Amino acid sequence: MSSSAPQDTGRQRLWSVDEHLADVLAAVRPLEPLELQLLDAQGCVLVEDVTVPVALPPFDNSSMDGYAVRTADVQGASEEFPAVLTVIGDVAAGSGELPTVGPGQAARIMTGAPLPPGAEAVVPVEWTDGGTGGAAASGMTPASAAPEGAGGEVRVHRAAEARAHVRARGSDVQAGDLALAAGTVLGPPQIALLAAIGRGTVRVRPRPRVVVLSTGSELVQPGEALAAGTIYDSNSFALAAAARDAGAIAYRVGAVADDADTLRATIEDQLIRADLLVTTGGVSVGAYDVVKEALTAAGTGDGDEPQAGGVDFRKLAMQPGKPQGFGTVGPDHTPLLALPGNPVSSYVSFELFVRPAIRALMGLPASQVSRESVRAVLKADEPLRSPAGRRQFLRGAYDPEAGTVSPVGGSGSHLIAALAHADSLMVVPEDVTSVEPGTELEVVPLG
């Protein structure tokens with residue numbers, strides 16, 4: 001949907017979801033590239049094209065354990081009339097000096113070993129007697145256990161065409177080919193390719209370091225005993241896990257009590273390891289909304305535009321997650337997103353605003369910053385209700401095969417169990433107050 005001008009509520013204007021996201025992304029710049037070792041670069045985004053310096057594989061090699069032969073010597077071979085060849089030696093993977101296979105000869109060869117000169121094909125050991133003089137072999141005896149196996153004779157029971165069971169030089173990639181393009185996210189297969197072509201390091205944008213901290217004197221860490229009026233801190237765990245899922249390196253800070261000075265000090269301490277700060281809780285209009293108190297006291301805006309080096313607290317035309325904060329803090333103007341404290345509100349806010357910020361810091365293109373949405377038909381017993389003028393995000397169970405989505409739990413922003421069983425968000429636009437069963441609507445899969 002297109003952005004619209006913030007609505008005027010009389011005291012503070014109301015921002016649209018799209019406008020707030022655009023504001024966040026406009027302030028986030030991709031991290032500076034670094035040259036990293038391969039395993040340190042996992043999950044990072046390439047900033048340069050990588051070309052292949054040497055062909056893969058770099059030489060013709062065997063795809064089977066067996067015997068390297070000349071095709072003329074095994075032509076017409078069968079179990080009744082096997083081709084009898086003289087075995088002139090072993091060729092193992094990593095072999096340097098290779099024997100030359102002449103007429104009537106064969107060389108034992110292992111998977112991955114270079115094809116020796118003179119050989120035109122490989123016959124699998126199962127097509128031979130394995131040099132035992134008996135029936136078809138089921139495998140090869142290690143050279144260390146039976147060195148005599150490298151000599152003597154072998155009976156071949158089947159013919160082989162030229163290049164049979166031979167992996168040709170350059171059959172994977174040729175020297176000069178594009179191995180990986182700039183913008184590629186490096187996962188295990190990409191790391192494997194870089195190692196295979198001899199790259200020990202690669203130039204990437206590093207994974208963003210995201211510090212997550214929750215606020216509230218009522219919060220207790222899991223594993224500790226609950227006292228009267230306290231609850232377990234789930235938000236910091238949820239958001240740290242979500243940050244990792246988005247591609248970041250996440251640092252979770254234990255809950256900060258409702259004290260503005262303590263929160264300011266904690267944020268200052270965390271700046272040294274943060275490319276992005278995320279707080280949860282304390283952004284509404286209550287007497288103990290510590291995040292708003294601490295960061296507005298540092299000299300920020302009044303709900304219109306964020307000042308340089310400050311945090312702007314605003315209201316969004318969305319449910320859940322109406323109160324939001326965004327700006328920069330510290331000498332390096334580190335981005336900070338202040339999310340609501342209700343568990344569902346904070347998670348939905350993360351998906352809409354923090355995840356895109358993380359992906360932008362990684363240097364991903366705009367098309368990969370936010371999750372892709374799909375269209376699905378509402379499968380429900382009753383209509384979905386939504387407040388006028390608010391974009392609502394409801395938990396759903398999406399069935400991609402059937403093309404349907406069903407509500408999970410109610411609309412309450414505290415329903416953590418319902419969130420845990422949902423795999424998508426159903427989106428109800430601002431101008432829609434009721435969605436009838438059977439109606440198609442926008443769905444954001446969370447997997």
# chains A, B, ... in the order shown; residues from 1 in each chain; ligands from 1
$ select_by_dssp --residues "stretch 125-352 of chain A" --states "strand (DSSP E or B)" --output "PyMOL selection string"
chain A and resi 128+153-156+166-167+173+178-180+185+201-205+209-215+219-220+231-232+249-256+276-280+311-316+318-319+323-329+334-339
$ closest_atom_pairs --of "stretch 355-402 of chain A" --to "stretch 416-427 of chain A" --cutoff "6 Å" --atoms "only C-alpha atoms" --output "tab-separated table"
residue	atom	partner	partner_atom	distance
A:Gln392	CA	A:Val427	CA	5.8
A:Phe393	CA	A:Val427	CA	4.9
A:Leu394	CA	A:Met426	CA	4.9
A:Arg395	CA	A:Leu425	CA	4.8
A:Gly396	CA	A:Ser424	CA	5.1
A:Ala397	CA	A:Ala422	CA	5.3
$ write_last_selection --atoms "N, CA, C and O atoms" --output "PDB file, in the first residue's frame"
ATOM      1  N   GLN A 392      -4.594  -3.804  10.912  1.00  0.00           N
ATOM      2  CA  GLN A 392      -4.521  -4.828  11.954  1.00  0.00           C
ATOM      3  C   GLN A 392      -3.735  -6.037  11.456  1.00  0.00           C
ATOM      4  O   GLN A 392      -3.843  -6.446  10.299  1.00  0.00           O
ATOM      5  N   PHE A 393      -2.960  -6.595  12.388  1.00  0.00           N
ATOM      6  CA  PHE A 393      -2.169  -7.786  12.107  1.00  0.00           C
ATOM      7  C   PHE A 393      -2.609  -8.879  13.074  1.00  0.00           C
ATOM      8  O   PHE A 393      -2.393  -8.775  14.289  1.00  0.00           O
ATOM      9  N   LEU A 394      -3.237  -9.915  12.529  1.00  0.00           N
ATOM     10  CA  LEU A 394      -3.769 -11.006  13.343  1.00  0.00           C
ATOM     11  C   LEU A 394      -2.988 -12.283  13.083  1.00  0.00           C
ATOM     12  O   LEU A 394      -2.542 -12.541  11.957  1.00  0.00           O
ATOM     13  N   ARG A 395      -2.852 -13.088  14.119  1.00  0.00           N
ATOM     14  CA  ARG A 395      -2.123 -14.342  13.992  1.00  0.00           C
ATOM     15  C   ARG A 395      -2.923 -15.346  13.175  1.00  0.00           C
ATOM     16  O   ARG A 395      -4.150 -15.456  13.332  1.00  0.00           O
ATOM     17  N   GLY A 396      -2.232 -16.072  12.303  1.00  0.00           N
ATOM     18  CA  GLY A 396      -2.927 -17.015  11.439  1.00  0.00           C
ATOM     19  C   GLY A 396      -2.160 -18.297  11.221  1.00  0.00           C
ATOM     20  O   GLY A 396      -0.955 -18.388  11.481  1.00  0.00           O
ATOM     21  N   ALA A 397      -2.877 -19.323  10.749  1.00  0.00           N
ATOM     22  CA  ALA A 397      -2.295 -20.590  10.312  1.00  0.00           C
ATOM     23  C   ALA A 397      -2.521 -20.670   8.804  1.00  0.00           C
ATOM     24  O   ALA A 397      -3.667 -20.756   8.346  1.00  0.00           O
TER      25      ALA A 397
END
$ residues_around --residues "stretch 222-237 of chain A" --least-positions-apart "3" --cutoff "6 Å" --atoms "only C-alpha atoms" --output "PDB file with all heavy atoms, in the first residue's frame"
ATOM      1  N   LEU A 213      17.151  -5.274  24.550  1.00  0.00           N
ATOM      2  CA  LEU A 213      16.947  -5.177  25.999  1.00  0.00           C
ATOM      3  C   LEU A 213      15.490  -4.865  26.291  1.00  0.00           C
ATOM      4  O   LEU A 213      14.837  -4.104  25.586  1.00  0.00           O
ATOM      5  CB  LEU A 213      17.888  -4.143  26.635  1.00  0.00           C
ATOM      6  CG  LEU A 213      17.847  -2.688  26.189  1.00  0.00           C
ATOM      7  CD1 LEU A 213      16.869  -1.904  27.044  1.00  0.00           C
ATOM      8  CD2 LEU A 213      19.232  -2.074  26.295  1.00  0.00           C
ATOM      9  N   SER A 214      14.985  -5.509  27.330  1.00  0.00           N
ATOM     10  CA  SER A 214      13.602  -5.275  27.757  1.00  0.00           C
ATOM     11  C   SER A 214      13.621  -4.452  29.040  1.00  0.00           C
ATOM     12  O   SER A 214      14.605  -4.460  29.789  1.00  0.00           O
ATOM     13  CB  SER A 214      12.882  -6.607  27.972  1.00  0.00           C
ATOM     14  OG  SER A 214      13.618  -7.453  28.824  1.00  0.00           O
ATOM     15  N   GLU A 218       8.940  -5.443  36.758  1.00  0.00           N
ATOM     16  CA  GLU A 218       8.166  -6.667  37.027  1.00  0.00           C
ATOM     17  C   GLU A 218       8.769  -7.901  36.373  1.00  0.00           C
ATOM     18  O   GLU A 218       8.297  -9.022  36.586  1.00  0.00           O
ATOM     19  CB  GLU A 218       6.727  -6.486  36.531  1.00  0.00           C
ATOM     20  CG  GLU A 218       6.520  -6.624  35.031  1.00  0.00           C
ATOM     21  CD  GLU A 218       6.925  -5.384  34.234  1.00  0.00           C
ATOM     22  OE1 GLU A 218       7.546  -4.467  34.819  1.00  0.00           O
ATOM     23  OE2 GLU A 218       6.619  -5.336  33.019  1.00  0.00           O
ATOM     24  N   LEU A 219       9.834  -7.722  35.576  1.00  0.00           N
ATOM     25  CA  LEU A 219      10.371  -8.830  34.789  1.00  0.00           C
ATOM     26  C   LEU A 219      11.388  -9.649  35.571  1.00  0.00           C
ATOM     27  O   LEU A 219      12.299  -9.108  36.214  1.00  0.00           O
ATOM     28  CB  LEU A 219      11.003  -8.302  33.506  1.00  0.00           C
ATOM     29  CG  LEU A 219      10.060  -7.562  32.552  1.00  0.00           C
ATOM     30  CD1 LEU A 219      10.818  -7.040  31.352  1.00  0.00           C
ATOM     31  CD2 LEU A 219       8.914  -8.471  32.119  1.00  0.00           C
ATOM     32  N   ALA A 240      15.589 -11.393  20.466  1.00  0.00           N
ATOM     33  CA  ALA A 240      16.957 -11.821  20.164  1.00  0.00           C
ATOM     34  C   ALA A 240      16.940 -12.986  19.178  1.00  0.00           C
ATOM     35  O   ALA A 240      17.740 -13.038  18.232  1.00  0.00           O
ATOM     36  CB  ALA A 240      17.695 -12.210  21.448  1.00  0.00           C
ATOM     37  N   PRO A 343       3.785  -8.712  24.474  1.00  0.00           N
ATOM     38  CA  PRO A 343       4.554  -9.677  23.680  1.00  0.00           C
ATOM     39  C   PRO A 343       4.189  -9.715  22.204  1.00  0.00           C
ATOM     40  O   PRO A 343       5.070  -9.708  21.343  1.00  0.00           O
ATOM     41  CB  PRO A 343       4.253 -11.012  24.365  1.00  0.00           C
ATOM     42  CG  PRO A 343       3.937 -10.651  25.769  1.00  0.00           C
ATOM     43  CD  PRO A 343       3.227  -9.337  25.689  1.00  0.00           C
TER      44      PRO A 343
END
$ atom_distance --atom1 "atom CA of A:Val443" --atom2 "atom CA of A:Ile358"
21.6 Å
$ residues_around --residues "stretch 117-124 of chain A" --least-positions-apart "3" --cutoff "8 Å" --atoms "only C-alpha atoms" --output "list in words"
Ser62, Met64, Asp65, Gly66, Tyr67, Ala68, Val69, Arg70, Thr71, Leu98, Pro99, Thr100, Val101, Gly102, Ala106, Trp127, Thr128, Val156, Arg158, Ala159, Ala160, Glu161, Ala162, Arg163, Ala164, His165 and Val166 of chain A
